[in-house]
4 protein chains.
Amino acid sequence: MKFSFKNDYSEGCHPNILEALIQSNLNQQAGYGEDEYSLQAKKLIKEKIKNENSDVYLVSGGTQANLIVISSILRPYQCVISAAPGHILNNETGAIEATGHKVLSIETQDGKLRPSDIVPVLESHTNVPHQVMPKLVYISNSTELGTVYLAQELEELSIFCRQNGLYLFMDGARLGHGLTSEISDLTLERVAELTDIFYLGGTKNGALIGEAIVINHKDLQPDFAFNIKQKGALLAKGRLLGIQFMELMKDDLYFDLAKHANIQAMKIKNAMKERGIQFLSDTYTNQIFPIISNELIEILSEHFEFYVWKKIDEQSSAIRLITSWNTGDEAVERFIEMFHAKI
Amino acid sequence: MKFSFKNDYSEGCHPNILEALIQSNLNQQAGYGEDEYSLQAKKLIKEKIKNENSDVYLVSGGTQANLIVISSILRPYQCVISAAPGHILNNETGAIEATGHKVLSIETQDGKLRPSDIVPVLESHTNVPHQVMPKLVYISNSTELGTVYLAQELEELSIFCRQNGLYLFMDGARLGHGLTSEISDLTLERVAELTDIFYLGGTKNGALIGEAIVINHKDLQPDFAFNIKQKGALLAKGRLLGIQFMELMKDDLYFDLAKHANIQAMKIKNAMKERGIQFLSDTYTNQIFPIISNELIEILSEHFEFYVWKKIDEQSSAIRLITSWNTGDEAVERFIEMFHAKI
Amino acid sequence: MKFSFKNDYSEGCHPNILEALIQSNLNQQAGYGEDEYSLQAKKLIKEKIKNENSDVYLVSGGTQANLIVISSILRPYQCVISAAPGHILNNETGAIEATGHKVLSIETQDGKLRPSDIVPVLESHTNVPHQVMPKLVYISNSTELGTVYLAQELEELSIFCRQNGLYLFMDGARLGHGLTSEISDLTLERVAELTDIFYLGGTKNGALIGEAIVINHKDLQPDFAFNIKQKGALLAKGRLLGIQFMELMKDDLYFDLAKHANIQAMKIKNAMKERGIQFLSDTYTNQIFPIISNELIEILSEHFEFYVWKKIDEQSSAIRLITSWNTGDEAVERFIEMFHAKI
Amino acid sequence: MKFSFKNDYSEGCHPNILEALIQSNLNQQAGYGEDEYSLQAKKLIKEKIKNENSDVYLVSGGTQANLIVISSILRPYQCVISAAPGHILNNETGAIEATGHKVLSIETQDGKLRPSDIVPVLESHTNVPHQVMPKLVYISNSTELGTVYLAQELEELSIFCRQNGLYLFMDGARLGHGLTSEISDLTLERVAELTDIFYLGGTKNGALIGEAIVINHKDLQPDFAFNIKQKGALLAKGRLLGIQFMELMKDDLYFDLAKHANIQAMKIKNAMKERGIQFLSDTYTNQIFPIISNELIEILSEHFEFYVWKKIDEQSSAIRLITSWNTGDEAVERFIEMFHAKI
């Protein structure tokens, strides 16, 4: 069996979670997120962001979180702005539009949005009432290209949004990886201060399923649970989500797992860099996009699974390698070894 | 801690499932339902219904299954018909309407639909194009009132639907309980023959989450996966669903668990019946609705949890008792004992 | 050619409107409702309701007005309440549900809603977040059954709605007929005070097309034009709507036309009543529902067009007769004559 | 009062239409498009396209036509493709997305789509089921930039669509102008052969309101009227639409009006071209986009109304001039005179 670097959801879950599932299994609990594990998980998250006034809800996955959050915020004629590589634009089968809202796409180099990217969108949407009204800015951290927001970047974006009557929403499917990146100077607490709503991704960081939506802006809090239920996202056995986030939030497990994934990716990145390999984007998280020759791709493919991401020219392509909380040293070393031998 | 008869999703999952989660945990698998466990689960289901031409998809919960199925079938101007107690009418926060479709409600005594119930709806919806077009009939088995469809009833309904250009969809959140009821003469295979689409509920029958949608009608099969993804129901770690249904479908675990729940409920029902207690509906599944005095309700409430379902008069109310795959003899016996002592 | 009592939109428009179309035809005007005629029409409406703080918008028809108003007010999980005969429930092809919202139906005798009708709906929708949240009450005046709201009835309903956090919306497709009914003690000004939003119907009262939406509640006013545009209801030549309402609002033309229609209907009603005919509902507007023998229906049908509304028994049915701003004395007299001759 | 070149819907309607409204005004007619005028209008359109198997429906405006057509064709997970300047992308307040569907934007030089533009979109949408499925191609003729499709271009696009399972929809808000352009070699009959569905715009070509939707593909015809009603577009007095299209389709009035508008625009274009003025796009219909100095813009603005369309540099901008069926020689001559005097 080939080792897979295809994504960070190839394995099951962290053993602590399995153990907690076993221990709690026959305890009778209230349904629909009113179980004691969910309450505990929410408490731990509020402690970590140091804000007991935020509301926390647990749902199953990223597309689900995105469509619930966005459709709960926007009025029918309002739209959301996203960088062109945004998950909601390309990988969710029109989930946002299916709730009735346009997603405006902005081209960027690195998958990040800056105020200067958004200004032209606002300026070109002033023909009232013939155009949609931009009301929400969607960003990912780490982004779909593996890049991360620095504190100053998020601060500037946050200020800009508030000045322009825009809500700011961070898709944190890989928030652990973003915050534990070696170049990141952001904290979870700061993220909660600077965004109106965001989520902590569990699925890509050691959980079986689960994203924790954190609502910081008072105006976005009322009645949120109705949206979760209506979109089919309220699990009868909410305990399944509660137990997982309770475990991930204990000590710093959530961040330790993400950091491990980042470190493994950086090992490969650095090994390749030393040999002069170029990358599609300069990432410091668990996704890397090295550009290598087609011959090398073929050889590596015999022993490892990964996506060929983008054709660069006739001789070479960028591949995508993703590491996870469970990517062991042995797999990384074998990959580097193979790379060294064959380049 | 009081024992709860509030619902059939108070506990975790059957131990076989936990064991399989442990065994498979670190195997790398493809995402989005392409893992080997999901493939195996689907194969087992097709074997059980003896129809390899049906398509099977696994999703998280009942509301999710309902909204995906219904919105995938109907054109914008078409509607779905449901008995008045139908889950989609009362307990899903307008999830079906949120996808754009009206749900027409039909009053019935026992929560079941018969052709004679539907004829008037068809007759009163002929003012083209000023009214919605009925196109789909939604039924539950067992129903929200705990009743079950007999083979002849389902056959007549199926024939009627085909003759009238209506699709027939069975919500099987409690299908195990319906089919293993002591009065049921239906089989899973026959359900698959008589419906166009149905699902096997896992959440209320020993799984952590999960419903298995089975599409029998050829016209409803193409592109179904797009709908799952768009509604946020395609789990990255589809393995979680696959493992559960793989275990539930092994031997007859799914049916054994449901039968156990039914038997436990019947023990309580019979004990009460012997003492002359009346019931809101005459059920043979894991839900019973005994009508008892308010004094008795108060006493029982001190030791057990259950819902007071409906006020009957000043002295008495119907309560709802639900048993599950995990309701042990001891809890049942204690309940009966208490009832005997206090009546 | 048989004279038609089928509806109040069989003819074109009042001659004053045609004349105004001719006079204004070649004047260049701004598009999208910014023309001088629309501005003038809105000014006249605000004067008639004695409230310059209300907002007025002109759209084409009743279904369009209903779907725009309702979808502009409700959040995704909220629903609207309607009496069972409500136009939005039965005659709009699921237009409201197509915007994502459930319409809750309340059985009533006379097509009107009273606080006591709504209380049980509120009481049975408290299972948060598993049920839709009632937020809007939809009423028609005159109703689909030809009945009208008296001042005290509307006042009680208005107070109840405000006390319960519900918005009150009056469908005024036949508001002229409702207010000029001989039994009505309501005025347009009072309607504007007691409702949060309503519309004045033009299509059924002498216009070619057109309904004037009046928004009284401050919270419902912002950004309303976006909804009109998004639903395809913003006419490039808004002048067509403006000219019509400008003419209808001059002096009391709007009310004169409605009153004429009412009077003609009452003539027929009284002639029938004198001969002992019973009616399906006791109406004082331009719709009457006499119950007559099938033989008489057949004879009258040879000379007049009308709808057979409801079978009463084997021998008789209720028919619906509608008069309009243009129903002349001659047609009414001929009908009464024929009735007298054949009964 | 300044003469306006701002758009082609500044005036009322062609006198023939007014005359027909007067003549028909008091004839009682069936509602909802079943009147004799609508039937006659549909008959005339089918004769002109020489296809009695097409279905014709009349609605009020372009945004309405677009949203009804597109939402009637697509399944929830399917999307429509449009050139970047497409009206549905920029000027309809997200009307298409509000029906649940994504609009994919393609950059083009001239507002027209060619197979080579669409191929990359199809190639980048193969990640089933994670992306929307392209199913419909939306084009405008004349386009939003004033350009027109030549017969060969439309033929190639039509063949491509059929080969790739895509429906082809032509927005004909300015179809008269497109077909009567001096460079056009397309006919209405050929448009009907090459598209699956299209519409003939009335609003911008001499009607008060109205677009005539023509459905050529058999699969798109069933139940279409339901969609019209559900979206609030079925006028009670459908006669208003019928009378207008009956008049426009008599002889060649529709095309004569459009040709007149084109000729007036070409007079101005040629006068400017002779003096070396450049244009934003090389148009041969009733829209022209000359690039002139800011000084000249200011002077012309004192006597004429028009939009400043796009800033070119610090000294000059493109303006948009639109002529209509009613733009007289005198206005054109005055404009050219002023231009000559001031350049």
# chains A, B, ... in the order shown; residues from 1 in each chain; ligands from 1
$ select_by_dssp --residues "stretch 16-210 of chain D" --states "strand (DSSP E)" --output "number ranges by chain"
D: 55-59, 78-83, 103-106, 133-140, 167-171, 197-201
$ interface_residues --of "chain A" --to "chain D" --cutoff "6 Å" --atoms "only C-alpha atoms" --output "PyMOL selection string"
chain A and resi 91-94+97-98+100-102+130-132
$ atom_distance --atom1 "atom CA of B:Gln264" --atom2 "atom CA of B:Glu330"
10.4 Å
$ select_by_dssp --residues "stretch 198-328 of chain D" --states "helix (DSSP H, G or I)" --output "MDAnalysis selection string"
chainID D and resid 203:205 218:220 224:230 239:249 253:274 294:301
$ residues_around --residues "D:Leu150" --least-positions-apart "6" --cutoff "8 Å" --atoms "only C-alpha atoms" --output "list in words"
Ile183, Ser184, Asp185 and Leu186 of chain D
$ write_last_selection --atoms "all heavy atoms" --output "CSV table (one decimal), in the first residue's frame"
chain,number,residue,atom,x,y,z
D,183,ILE,N,-24.6,44.7,-40.4
D,183,ILE,CA,-23.6,43.6,-40.6
D,183,ILE,C,-24.2,42.2,-40.3
D,183,ILE,O,-23.6,41.2,-40.5
D,183,ILE,CB,-22.3,43.8,-39.8
D,183,ILE,CG1,-22.7,43.7,-38.3
D,183,ILE,CG2,-21.6,45.1,-40.2
D,183,ILE,CD1,-21.4,43.5,-37.5
D,184,SER,N,-25.5,42.2,-39.9
D,184,SER,CA,-26.0,40.9,-39.4
D,184,SER,C,-26.5,40.1,-40.7
D,184,SER,O,-27.1,40.6,-41.6
D,184,SER,CB,-27.2,41.1,-38.5
D,184,SER,OG,-27.8,39.9,-38.2
D,185,ASP,N,-26.1,38.8,-40.6
D,185,ASP,CA,-26.7,37.9,-41.7
D,185,ASP,C,-27.5,36.8,-41.0
D,185,ASP,O,-27.8,35.8,-41.6
D,185,ASP,CB,-25.5,37.3,-42.5
D,185,ASP,CG,-24.5,36.5,-41.5
D,185,ASP,OD1,-24.6,36.6,-40.3
D,185,ASP,OD2,-23.6,35.9,-42.1
D,186,LEU,N,-28.0,37.1,-39.8
D,186,LEU,CA,-28.9,36.1,-39.1
D,186,LEU,C,-30.3,36.5,-39.3
D,186,LEU,O,-30.6,37.7,-39.5
D,186,LEU,CB,-28.6,36.2,-37.6
D,186,LEU,CG,-27.7,35.2,-37.0
D,186,LEU,CD1,-27.6,35.4,-35.5
D,186,LEU,CD2,-28.2,33.7,-37.2
$ atom_distance --atom1 "atom CA of D:Asn25" --atom2 "atom CA of C:Thr203"
13.9 Å
$ residues_around --residues "B:Ser140" --least-positions-apart "3" --cutoff "7 Å" --atoms "only C-alpha atoms" --output "PDB file with N, CA and C atoms, in the first residue's frame"
ATOM      1  N   THR B 143     -44.074   5.041  11.514  1.00  0.00           N
ATOM      2  CA  THR B 143     -44.458   6.453  11.432  1.00  0.00           C
ATOM      3  C   THR B 143     -44.078   7.198  12.696  1.00  0.00           C
ATOM      4  N   MET B 170     -39.919   6.648   1.135  1.00  0.00           N
ATOM      5  CA  MET B 170     -40.103   6.222   2.518  1.00  0.00           C
ATOM      6  C   MET B 170     -38.967   6.713   3.414  1.00  0.00           C
ATOM      7  N   ASP B 171     -39.339   7.521   4.404  1.00  0.00           N
ATOM      8  CA  ASP B 171     -38.419   7.954   5.447  1.00  0.00           C
ATOM      9  C   ASP B 171     -38.262   6.770   6.392  1.00  0.00           C
ATOM     10  N   GLY B 172     -37.071   6.195   6.433  1.00  0.00           N
ATOM     11  CA  GLY B 172     -36.837   5.014   7.244  1.00  0.00           C
ATOM     12  C   GLY B 172     -35.973   5.288   8.458  1.00  0.00           C
TER      13      GLY B 172
END
$ residues_around --residues "B:Ile336" --least-positions-apart "5" --cutoff "9 Å" --atoms "only C-alpha atoms" --output "JSON, numbers by chain"
{"B": [267, 268, 271, 272, 331, 341]}
$ atom_distance --atom1 "atom CA of A:Leu145" --atom2 "atom CA of A:Tyr284"
10.4 Å
$ residues_around --residues "D:Ile22" --least-positions-apart "3" --cutoff "9 Å" --atoms "only C-alpha atoms" --output "MDAnalysis selection string"
(chainID C and resid 12 15 18) or (chainID D and resid 17:19 25:26)
$ closest_residue --among "A:Ala192, A:Ala41, A:Ile197, A:Leu280" --to "A:Leu220" --atoms "only C-alpha atoms"
A:Ile197
$ residues_around --residues "A:Val137" --least-positions-apart "3" --cutoff "8 Å" --atoms "only C-alpha atoms" --output "compact mmCIF listing (two decimals) with N, CA and C atoms, in the first residue's frame"
# COMPACT_ATOMS: atom_id res chain seq x y z
N VAL A 80 -21.47 37.68 -0.85
CA VAL A 80 -20.22 37.45 -0.13
C VAL A 80 -19.06 37.58 -1.11
N ILE A 81 -17.95 38.10 -0.60
CA ILE A 81 -16.74 38.29 -1.39
C ILE A 81 -15.72 37.24 -0.99
N SER A 82 -15.06 36.64 -1.97
CA SER A 82 -14.06 35.62 -1.68
C SER A 82 -12.88 35.78 -2.62
N CYS A 161 -13.16 46.21 7.10
CA CYS A 161 -14.52 45.67 7.05
C CYS A 161 -15.45 46.47 7.95
N LEU A 166 -18.99 45.79 6.42
CA LEU A 166 -18.88 44.41 5.96
C LEU A 166 -18.60 43.49 7.15
N TYR A 167 -19.24 42.34 7.18
CA TYR A 167 -18.87 41.34 8.18
C TYR A 167 -17.66 40.55 7.69
N LEU A 168 -16.85 40.06 8.64
CA LEU A 168 -15.66 39.29 8.29
C LEU A 168 -15.78 37.87 8.85
N PHE A 169 -15.68 36.90 7.95
CA PHE A 169 -15.87 35.49 8.29
C PHE A 169 -14.62 34.71 7.90
$ decode --residues "stretch 157-191 of chain C" --atoms "C-alpha atoms" --output "compact mmCIF listing (two decimals), in the first residue's frame"
# COMPACT_ATOMS: atom_id res chain seq x y z
CA LEU C 157 -55.23 41.96 15.24
CA SER C 158 -52.75 44.80 14.97
CA ILE C 159 -52.34 45.04 18.74
CA PHE C 160 -51.96 41.29 19.04
CA CYS C 161 -49.26 41.21 16.37
CA ARG C 162 -47.27 43.98 17.98
CA GLN C 163 -47.50 42.30 21.37
CA ASN C 164 -46.26 39.05 19.92
CA GLY C 165 -43.45 40.30 17.72
CA LEU C 166 -45.31 39.54 14.52
CA TYR C 167 -45.44 41.79 11.47
CA LEU C 168 -48.86 42.37 9.91
CA PHE C 169 -49.18 42.41 6.11
CA MET C 170 -52.41 43.16 4.25
CA ASP C 171 -52.86 41.88 0.70
CA GLY C 172 -54.95 44.61 -0.82
CA ALA C 173 -55.52 43.16 -4.27
CA ARG C 174 -59.15 44.13 -3.59
CA LEU C 175 -58.54 46.79 -0.95
CA GLY C 176 -60.71 49.31 -2.77
CA HIS C 177 -63.62 46.89 -2.62
CA GLY C 178 -62.94 46.13 1.01
CA LEU C 179 -62.86 49.76 2.10
CA THR C 180 -65.90 50.87 0.09
CA SER C 181 -68.06 47.99 1.20
CA GLU C 182 -71.28 49.24 2.71
CA ILE C 183 -70.42 47.60 6.03
CA SER C 184 -66.80 48.78 6.21
CA ASP C 185 -65.79 51.32 8.82
CA LEU C 186 -62.11 51.23 7.91
CA THR C 187 -60.27 53.95 6.01
CA LEU C 188 -57.09 53.80 3.97
CA GLU C 189 -55.43 56.00 6.56
CA ARG C 190 -56.39 53.58 9.34
CA VAL C 191 -55.13 50.61 7.33
